[in-house]
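Novice: Sharing coords-v2.txt here; it has compact mmCIF, C-alpha atoms.
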# COMPACT_ATOMS: atom_id res chain seq x y z
CA MET N 1 5.94 -14.76 -15.04
CA PHE N 2 5.76 -12.65 -11.88
CA ASP N 3 5.94 -15.56 -9.40
CA PRO N 4 9.78 -15.49 -9.01
CA ILE N 5 9.62 -11.72 -8.44
CA MET N 6 6.85 -12.18 -5.88
CA GLU N 7 8.88 -14.85 -4.07
CA GLN N 8 11.89 -12.54 -3.93
CA ILE N 9 9.76 -9.69 -2.58
CA GLN N 10 8.28 -12.02 0.05
CA SER N 11 11.66 -13.33 1.18
CA LEU N 12 13.03 -9.77 1.41
CA ALA N 13 9.95 -8.67 3.35
CA GLN N 14 10.29 -11.63 5.74
CA ASP N 15 13.97 -10.77 6.38
CA ALA N 16 13.06 -7.13 6.95
CA TRP N 17 10.26 -8.16 9.33
CA LEU N 18 12.63 -10.32 11.43
CA PHE N 19 15.25 -7.55 11.46
CA LEU N 20 12.73 -4.92 12.58
CA ILE N 21 11.33 -7.23 15.26
CA GLY N 22 14.85 -7.86 16.62
CA LEU N 23 15.59 -4.14 16.57
CA LEU N 24 12.32 -3.41 18.35
CA ILE N 25 13.14 -5.90 21.12
CA ILE N 26 16.58 -4.34 21.63
CA VAL N 27 15.24 -0.78 21.66
CA ALA N 28 12.39 -1.73 23.99
CA MET N 29 14.75 -3.49 26.41
CA LEU N 30 17.18 -0.56 26.43
CA GLY N 31 14.30 1.88 26.93
CA ALA N 32 12.84 -0.20 29.75
CA LEU N 33 16.27 -0.44 31.39
CA TYR N 34 16.67 3.33 31.13
CA TYR N 35 13.29 3.89 32.75
CA VAL N 36 14.09 1.37 35.50
CA LEU N 37 17.31 3.26 36.18
CA GLN N 38 15.44 6.57 36.17
CA GLY N 39 12.76 5.21 38.50
CA THR N 40 15.35 3.75 40.85
CA ALA N 41 17.27 7.01 40.93
CA GLY N 42 14.06 8.94 41.59
CA ALA N 43 13.08 6.57 44.39
CA ALA N 44 16.56 6.77 45.90
CA PHE N 45 16.68 10.58 45.89
CA GLY N 46 13.05 11.12 46.79
CA GLY N 47 12.06 12.36 43.32
CA GLY N 48 8.39 11.37 43.13
CA ARG N 49 7.82 13.04 39.77
CA MET N 50 10.89 11.35 38.31
CA THR N 51 9.69 7.95 39.48
CA SER N 52 6.18 8.38 38.17
CA THR N 53 7.52 9.59 34.79
CA ALA N 54 9.73 6.52 34.62
CA ILE N 55 6.83 4.19 35.43
CA LEU N 56 4.64 5.83 32.78
CA GLY N 57 7.43 5.61 30.21
CA ALA N 58 7.99 1.92 30.93
CA VAL N 59 4.26 1.25 30.64
CA GLY N 60 4.22 3.12 27.30
CA ILE N 61 7.03 0.96 25.97
CA VAL N 62 5.25 -2.21 27.12
CA ILE N 63 2.06 -1.06 25.33
CA LEU N 64 4.00 -0.35 22.13
CA VAL N 65 5.71 -3.76 22.23
CA LEU N 66 2.37 -5.49 22.84
CA PHE N 67 0.90 -3.52 19.91
CA ALA N 68 3.75 -4.64 17.68
CA PHE N 69 3.58 -8.29 18.71
CA LEU N 70 -0.17 -8.78 19.01
CA VAL N 71 -1.97 -6.20 16.89
CA LEU N 72 0.38 -5.79 13.91
CA PRO N 73 0.32 -9.47 12.80
CA ARG N 74 -3.49 -9.41 12.88
CA LEU N 75 -3.48 -6.11 10.96
CA GLY N 76 -1.09 -7.65 8.42
CA GLU N 77 -3.39 -10.64 7.95
CA LEU N 78 -6.30 -8.25 7.48
CA ILE N 79 -4.44 -6.20 4.85
CA GLN N 80 -3.33 -9.35 3.01
CA SER N 81 -6.86 -10.70 3.01
CA LEU N 82 -8.02 -7.39 1.50
CA ALA N 83 -5.66 -7.75 -1.46
CA PRO N 84 -8.09 -7.67 -4.38
CA GLY N 85 -8.19 -9.75 -7.53
CA PRO N 86 -7.56 -7.97 -10.83
CA PRO N 87 -10.52 -5.75 -11.73
CA PHE N 88 -10.10 -6.36 -15.46
CA MET Q 1 -7.56 -10.81 -31.75
CA ALA Q 2 -9.44 -12.22 -28.75
CA GLU Q 3 -6.61 -14.67 -28.01
CA VAL Q 4 -4.03 -11.89 -28.11
CA THR Q 5 -6.20 -9.82 -25.74
CA ASP Q 6 -6.52 -12.75 -23.32
CA LEU Q 7 -2.77 -13.39 -23.40
CA ILE Q 8 -1.83 -9.79 -22.69
CA LEU Q 9 -4.53 -9.46 -20.05
CA SER Q 10 -3.32 -12.62 -18.26
CA VAL Q 11 0.20 -11.14 -18.00
CA LEU Q 12 -1.26 -7.90 -16.68
CA ARG Q 13 -3.40 -9.84 -14.17
CA GLN Q 14 -0.29 -11.55 -12.81
CA ALA Q 15 1.40 -8.17 -12.57
CA TRP Q 16 -1.62 -6.87 -10.63
CA LEU Q 17 -1.44 -9.77 -8.15
CA ALA Q 18 2.30 -9.25 -7.64
CA LEU Q 19 1.83 -5.50 -7.14
CA ALA Q 20 -1.06 -5.97 -4.68
CA GLY Q 21 0.92 -8.54 -2.68
CA GLY Q 22 3.94 -6.25 -2.64
CA LEU Q 23 1.79 -3.32 -1.50
CA ALA Q 24 0.37 -5.37 1.38
CA ALA Q 25 3.85 -6.56 2.44
CA VAL Q 26 5.35 -3.07 2.28
CA ALA Q 27 2.41 -1.59 4.21
CA VAL Q 28 2.83 -4.10 7.03
CA LEU Q 29 6.58 -3.46 7.17
CA ALA Q 30 5.98 0.30 7.21
CA LEU Q 31 3.57 -0.13 10.12
CA LEU Q 32 6.20 -2.14 12.02
CA SER Q 33 8.82 0.48 11.21
CA GLN Q 34 6.60 3.26 12.58
CA THR Q 35 6.00 1.21 15.73
CA LEU Q 36 9.76 0.85 16.16
CA ARG Q 37 10.12 4.60 15.67
CA ALA Q 38 7.46 5.26 18.31
CA ALA Q 39 9.18 2.86 20.72
CA ALA Q 40 12.53 4.56 20.14
CA GLY Q 41 10.94 7.98 20.64
CA SER Q 42 9.30 6.76 23.81
CA ALA Q 43 12.59 5.34 25.10
CA LEU Q 44 14.34 8.64 24.37
CA SER Q 45 11.46 10.69 25.82
CA ALA Q 46 10.99 12.35 22.42
CA ARG Q 47 7.27 13.11 22.42
CA PHE Q 48 7.22 14.81 19.00
CA TRP Q 49 8.87 11.76 17.46
CA VAL Q 50 6.21 9.49 18.94
CA TRP Q 51 3.33 11.61 17.58
CA GLN Q 52 5.03 11.78 14.19
CA ALA Q 53 5.34 7.98 14.12
CA ILE Q 54 1.69 7.51 15.13
CA SER Q 55 0.43 9.86 12.41
CA ALA Q 56 2.73 8.29 9.81
CA GLY Q 57 1.43 4.83 10.76
CA ALA Q 58 -2.15 6.01 10.36
CA ALA Q 59 -1.29 7.53 6.95
CA VAL Q 60 0.28 4.25 5.82
CA LEU Q 61 -2.83 2.34 6.91
CA ILE Q 62 -5.13 4.76 5.03
CA LEU Q 63 -2.97 4.55 1.89
CA ALA Q 64 -2.95 0.75 2.01
CA LEU Q 65 -6.72 0.66 2.41
CA PHE Q 66 -7.12 3.10 -0.49
CA GLY Q 67 -4.83 1.02 -2.68
CA LEU Q 68 -6.44 -2.31 -1.85
CA LEU Q 69 -10.08 -1.23 -1.70
CA GLY Q 70 -10.38 2.07 -3.58
CA ALA Q 71 -8.16 1.44 -6.60
CA PRO Q 72 -9.99 -1.68 -7.86
CA ALA Q 73 -13.35 0.02 -7.36
CA LEU Q 74 -12.16 3.09 -9.29
CA ALA Q 75 -10.78 0.93 -12.09
CA GLN Q 76 -14.02 -1.07 -12.32
CA ALA Q 77 -16.12 2.09 -12.31
CA ALA Q 78 -14.03 3.63 -15.10
CA ASN Q 79 -14.27 0.41 -17.07
CA GLN Q 80 -18.05 0.16 -16.74
CA ALA Q 81 -18.77 3.85 -17.29
CA LEU Q 82 -17.54 3.82 -20.86
CA PRO Q 83 -19.95 3.14 -23.73
CA GLY Q 84 -19.48 0.04 -25.86
CA SER Q 85 -17.50 0.62 -29.02
CA SER Q 86 -19.39 1.26 -32.20
CA GLY Q 87 -18.04 0.51 -35.64
CA CYS Q 88 -17.70 -2.65 -37.64
CA GLY Q 89 -15.29 -5.39 -38.58
CA PRO Q 90 -11.64 -5.30 -37.55
CA VAL Q 91 -11.86 -1.65 -36.53
CA ALA Q 92 -14.40 -2.47 -33.80
CA GLU Q 93 -12.27 -5.41 -32.62
CA LEU Q 94 -9.20 -3.19 -32.55
CA GLY Q 95 -11.10 -0.58 -30.52
CA ALA Q 96 -12.29 -3.22 -28.05
CA LEU Q 97 -8.75 -4.62 -27.69
CA ALA Q 98 -7.29 -1.16 -27.12
CA ALA Q 99 -10.00 -0.30 -24.56
CA ALA Q 100 -9.42 -3.55 -22.64
CA LEU Q 101 -5.66 -3.02 -22.60
CA ILE Q 102 -5.99 0.59 -21.52
CA ALA Q 103 -8.42 -0.45 -18.74
CA ALA Q 104 -5.89 -2.99 -17.46
CA LEU Q 105 -3.07 -0.46 -17.65
CA VAL Q 106 -5.21 2.11 -15.80
CA ALA Q 107 -5.73 -0.31 -12.92
CA LEU Q 108 -2.03 -1.15 -12.79
CA ARG Q 109 -0.96 2.49 -12.95
CA LEU Q 110 -3.44 3.37 -10.20
CA LEU Q 111 -2.05 0.66 -7.93
CA ARG Q 112 1.55 1.60 -8.77
CA THR Q 113 0.92 5.27 -8.00
CA THR Q 114 -0.66 4.33 -4.67
CA PHE Q 115 2.42 2.20 -4.01
CA ALA Q 116 4.67 5.18 -4.76
CA ALA Q 117 2.48 7.55 -2.75
CA GLY Q 118 3.90 6.01 0.42
CA GLY Q 119 7.25 7.49 -0.60
CA SER Q 120 7.32 10.89 -2.21
CA ALA Q 121 4.66 10.93 -4.92
CA PRO Q 122 1.38 12.60 -3.89
CA LEU Q 123 -1.83 10.59 -3.78
CA SER Q 124 -3.46 13.10 -6.12
CA GLY Q 125 -1.11 11.76 -8.80
CA ALA Q 126 -2.98 8.46 -8.69
CA LEU Q 127 -6.30 10.19 -9.29
CA VAL Q 128 -4.87 12.33 -12.11
CA GLU Q 129 -3.52 9.19 -13.76
CA ALA Q 130 -6.92 7.53 -13.43
CA ALA Q 131 -8.68 10.45 -15.15
CA GLU Q 132 -6.01 10.55 -17.85
CA ALA Q 133 -6.43 6.84 -18.54
CA VAL Q 134 -10.23 7.12 -18.69
CA PHE Q 135 -9.83 9.66 -21.50
CA GLY Q 136 -7.46 7.22 -23.22
CA MET Q 137 -10.07 4.47 -22.97
CA LEU Q 138 -12.73 6.81 -24.35
CA LEU Q 139 -10.55 7.67 -27.32
CA ALA Q 140 -9.67 4.05 -28.01
CA SER Q 141 -13.16 2.61 -27.71
CA ALA Q 142 -15.17 5.39 -29.36
CA ALA Q 143 -12.99 7.71 -31.40
CA THR Q 144 -11.25 5.04 -33.49
CA PRO Q 145 -14.49 3.44 -34.84
CA LEU Q 146 -15.99 6.90 -35.37
CA ALA Q 147 -12.97 7.94 -37.40
CA ALA Q 148 -13.19 4.72 -39.42
CA HIS Q 149 -16.89 5.39 -40.07
CA PHE Q 150 -16.10 8.98 -41.10
CA LEU Q 151 -13.46 7.79 -43.53
CA GLY Q 152 -15.90 5.35 -45.08
CA ALA Q 153 -14.34 2.12 -43.77
CA CYS Q 154 -17.73 0.92 -42.43
Spell out the structure here as structure tokens.

Specialist:
Amino acid sequence: MFDPIMEQIQSLAQDAWLFLIGLLIIVAMLGALYYVLQGTAGAAFGGGRMTSTAILGAVGIVILVLFAFLVLPRLGELIQSLAPGPPF
Amino acid sequence: MAEVTDLILSVLRQAWLALAGGLAAVAVLALLSQTLRAAAGSALSARFWVWQAISAGAAVLILALFGLLGAPALAQAANQALPGSSGCGPVAELGALAAALIAALVALRLLRTTFAAGGSAPLSGALVEAAEAVFGMLLASAATPLAAHFLGAC
């Protein structure tokens, strides 16, 4: 009885997953480009603090993207494997 | 009576599986959404936004673990803690049917409240609903046969 509903929920969730992944790639690329620009400007004008902030920001974005692409699918598999059978 | 109980319980079991699958899917999507929020905050140099996203992601993970691990354990504990129904004849069967149905509904309500707790409903609502349903089970499994005995049906 609930199988069609479950299929609809799964297809919606898959679409949402792909949309969020695409959005994450765009945001990460824009953020990385911004930090590259900031780092370049800092290097050009002799702003050491500006450059180091830009490098740290870019590294932070790379870590977040790696977390989303490597850790989250594993975490999702873990959560799905924890889904319990009915306790009644 | 036993066939009717099995039929209703099988529908409720399917509902449980659908709800648990939906909870897992929504939890994973919420985690991805919080990661996106943290990335956006990082790109905009908004530190507060990043910390907010990290704490919200941790809260989603804890809620999902509570829903998938804690809710079934609570439902099982409530189901096993109740005494077997006394009484005789159809009254005892009716009490057993009502207790089984209420136990299934308790588990479903607990999971649904955990599902809603990710939005606006507080998690304490799930626990209040569990306690409320345990009292319902107690009434159905014990009070109905006792009343029948008092009235002279047994």

Novice: Residues near region 80-87 of chain N, anyone? I mean within 6 Å using only C-alpha atoms, not counting same-chain ones fewer than 6 positions away, as number ranges by chain.

Specialist: Q: 13, 20, 24, 68, 72, 76

Novice: Write out as a list in words which residues come within 6 Å of region 6-12 of chain N when counting all atoms listed in the file, dropping same-chain ones fewer than 3 positions away.

Specialist: Asp3 and Asp15 of chain N; Ala18 of chain Q

Novice: Measure the distance from CA of Leu24 (chain N) to CA of Gly48 (chain N) in Å and round it to one decimal.

Specialist: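 Atom-to-atom, CA of Leu24 (chain N) to CA of Gly48 (chain N), that is 29.1 Å.
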
Novice: Pull out every residue of chain N sitting within 9 Å of chain Q, counting all atoms listed in the file, and send them as a PyMOL selection string.

Specialist: chain N and resi 1-3+5-6+9-10+13-14+16-17+20-21+23-24+27-28+30-32+34-35+57-58+60-61+64-65+67-68+72-73+75-76+79-80+82-88

Novice: Taking all atoms listed in the file into account, name the residue in Q:Gly57, Q:Val50, Q:Asp6, Q:Phe66 that is nearest to Phe115 (chain Q).

Specialist: Q:Phe66

Novice: Please measure the separation of CA of Glu3 (chain Q) and CA of Ala92 (chain Q), giving the value in Å to one decimal.

Specialist: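 These two atoms are separated by 15.6 Å.
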
Novice: Using 3 Å of padding on each side, determine the axis-aligned box around all atoms of region 98-116 of chain Q present in the file and give its centre and edge lengths in Å to one decimal, as AutoDock Vina command-line options.

Specialist:
--center_x -2.7 --center_y 0.9 --center_z -15.6 --size_x 20.7 --size_y 14.8 --size_z 29.1

Novice: One decimal, in Å: what's the spacing between CA of Trp51 (chain Q) and CA of Leu18 (chain N)?

Specialist: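 Separating CA of Trp51 (chain Q) from CA of Leu18 (chain N) is a distance of 24.6 Å.
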
Novice: Complete the atom set of region 41-69 of chain N to N, CA and C atoms and return it as an mmCIF file, in the coordinates of the input.

Specialist:
data_model
loop_
_atom_site.group_PDB
_atom_site.id
_atom_site.type_symbol
_atom_site.label_atom_id
_atom_site.label_comp_id
_atom_site.auth_asym_id
_atom_site.auth_seq_id
_atom_site.Cartn_x
_atom_site.Cartn_y
_atom_site.Cartn_z
ATOM 1 N N ALA N 41 16.594 5.788 40.485
ATOM 2 C CA ALA N 41 17.270 7.010 40.930
ATOM 3 C C ALA N 41 16.263 7.951 41.592
ATOM 4 N N GLY N 42 15.092 8.074 41.005
ATOM 5 C CA GLY N 42 14.060 8.940 41.590
ATOM 6 C C GLY N 42 13.639 8.450 42.961
ATOM 7 N N ALA N 43 13.495 7.128 43.087
ATOM 8 C CA ALA N 43 13.080 6.570 44.390
ATOM 9 C C ALA N 43 14.179 6.770 45.425
ATOM 10 N N ALA N 44 15.441 6.655 44.959
ATOM 11 C CA ALA N 44 16.560 6.770 45.900
ATOM 12 C C ALA N 44 16.720 8.192 46.401
ATOM 13 N N PHE N 45 16.471 9.180 45.506
ATOM 14 C CA PHE N 45 16.680 10.580 45.890
ATOM 15 C C PHE N 45 15.377 11.258 46.310
ATOM 16 N N GLY N 46 14.318 10.529 46.372
ATOM 17 C CA GLY N 46 13.050 11.120 46.790
ATOM 18 C C GLY N 46 12.375 11.940 45.709
ATOM 19 N N GLY N 47 12.668 11.627 44.433
ATOM 20 C CA GLY N 47 12.060 12.360 43.320
ATOM 21 C C GLY N 47 10.779 11.657 42.860
ATOM 22 N N GLY N 48 9.649 12.054 43.452
ATOM 23 C CA GLY N 48 8.390 11.370 43.130
ATOM 24 C C GLY N 48 7.993 11.534 41.671
ATOM 25 N N ARG N 49 8.206 12.767 41.164
ATOM 26 C CA ARG N 49 7.820 13.040 39.770
ATOM 27 C C ARG N 49 8.673 12.217 38.805
ATOM 28 N N MET N 50 9.959 12.117 39.155
ATOM 29 C CA MET N 50 10.890 11.350 38.310
ATOM 30 C C MET N 50 10.475 9.880 38.263
ATOM 31 N N THR N 51 10.096 9.364 39.425
ATOM 32 C CA THR N 51 9.690 7.950 39.480
ATOM 33 C C THR N 51 8.407 7.705 38.701
ATOM 34 N N SER N 52 7.452 8.603 38.877
ATOM 35 C CA SER N 52 6.180 8.380 38.170
ATOM 36 C C SER N 52 6.368 8.519 36.657
ATOM 37 N N THR N 53 7.220 9.466 36.225
ATOM 38 C CA THR N 53 7.520 9.590 34.790
ATOM 39 C C THR N 53 8.149 8.310 34.259
ATOM 40 N N ALA N 54 9.053 7.757 35.054
ATOM 41 C CA ALA N 54 9.730 6.520 34.620
ATOM 42 C C ALA N 54 8.726 5.372 34.514
ATOM 43 N N ILE N 55 7.815 5.291 35.478
ATOM 44 C CA ILE N 55 6.830 4.190 35.430
ATOM 45 C C ILE N 55 5.934 4.346 34.203
ATOM 46 N N LEU N 56 5.500 5.605 33.952
ATOM 47 C CA LEU N 56 4.640 5.830 32.780
ATOM 48 C C LEU N 56 5.374 5.515 31.474
ATOM 49 N N GLY N 57 6.644 5.899 31.410
ATOM 50 C CA GLY N 57 7.430 5.610 30.210
ATOM 51 C C GLY N 57 7.578 4.120 29.987
ATOM 52 N N ALA N 58 7.836 3.382 31.062
ATOM 53 C CA ALA N 58 7.990 1.920 30.930
ATOM 54 C C ALA N 58 6.675 1.285 30.489
ATOM 55 N N VAL N 59 5.565 1.784 31.046
ATOM 56 C CA VAL N 59 4.260 1.250 30.640
ATOM 57 C C VAL N 59 3.996 1.550 29.163
ATOM 58 N N GLY N 60 4.384 2.760 28.711
ATOM 59 C CA GLY N 60 4.220 3.120 27.300
ATOM 60 C C GLY N 60 4.996 2.183 26.390
ATOM 61 N N ILE N 61 6.218 1.865 26.794
ATOM 62 C CA ILE N 61 7.030 0.960 25.970
ATOM 63 C C ILE N 61 6.403 -0.431 25.927
ATOM 64 N N VAL N 62 5.898 -0.890 27.087
ATOM 65 C CA VAL N 62 5.250 -2.210 27.120
ATOM 66 C C VAL N 62 4.035 -2.233 26.193
ATOM 67 N N ILE N 63 3.255 -1.123 26.209
ATOM 68 C CA ILE N 63 2.060 -1.060 25.330
ATOM 69 C C ILE N 63 2.480 -1.105 23.861
ATOM 70 N N LEU N 64 3.554 -0.353 23.528
ATOM 71 C CA LEU N 64 4.000 -0.350 22.130
ATOM 72 C C LEU N 64 4.480 -1.727 21.688
ATOM 73 N N VAL N 65 5.209 -2.424 22.587
ATOM 74 C CA VAL N 65 5.710 -3.760 22.230
ATOM 75 C C VAL N 65 4.535 -4.734 22.076
ATOM 76 N N LEU N 66 3.555 -4.616 22.969
ATOM 77 C CA LEU N 66 2.370 -5.490 22.840
ATOM 78 C C LEU N 66 1.629 -5.211 21.548
ATOM 79 N N PHE N 67 1.551 -3.891 21.183
ATOM 80 C CA PHE N 67 0.900 -3.520 19.910
ATOM 81 C C PHE N 67 1.631 -4.165 18.740
ATOM 82 N N ALA N 68 2.979 -4.089 18.799
ATOM 83 C CA ALA N 68 3.750 -4.640 17.680
ATOM 84 C C ALA N 68 3.625 -6.155 17.599
ATOM 85 N N PHE N 69 3.569 -6.822 18.744
ATOM 86 C CA PHE N 69 3.580 -8.290 18.710
ATOM 87 C C PHE N 69 2.187 -8.899 18.585
#
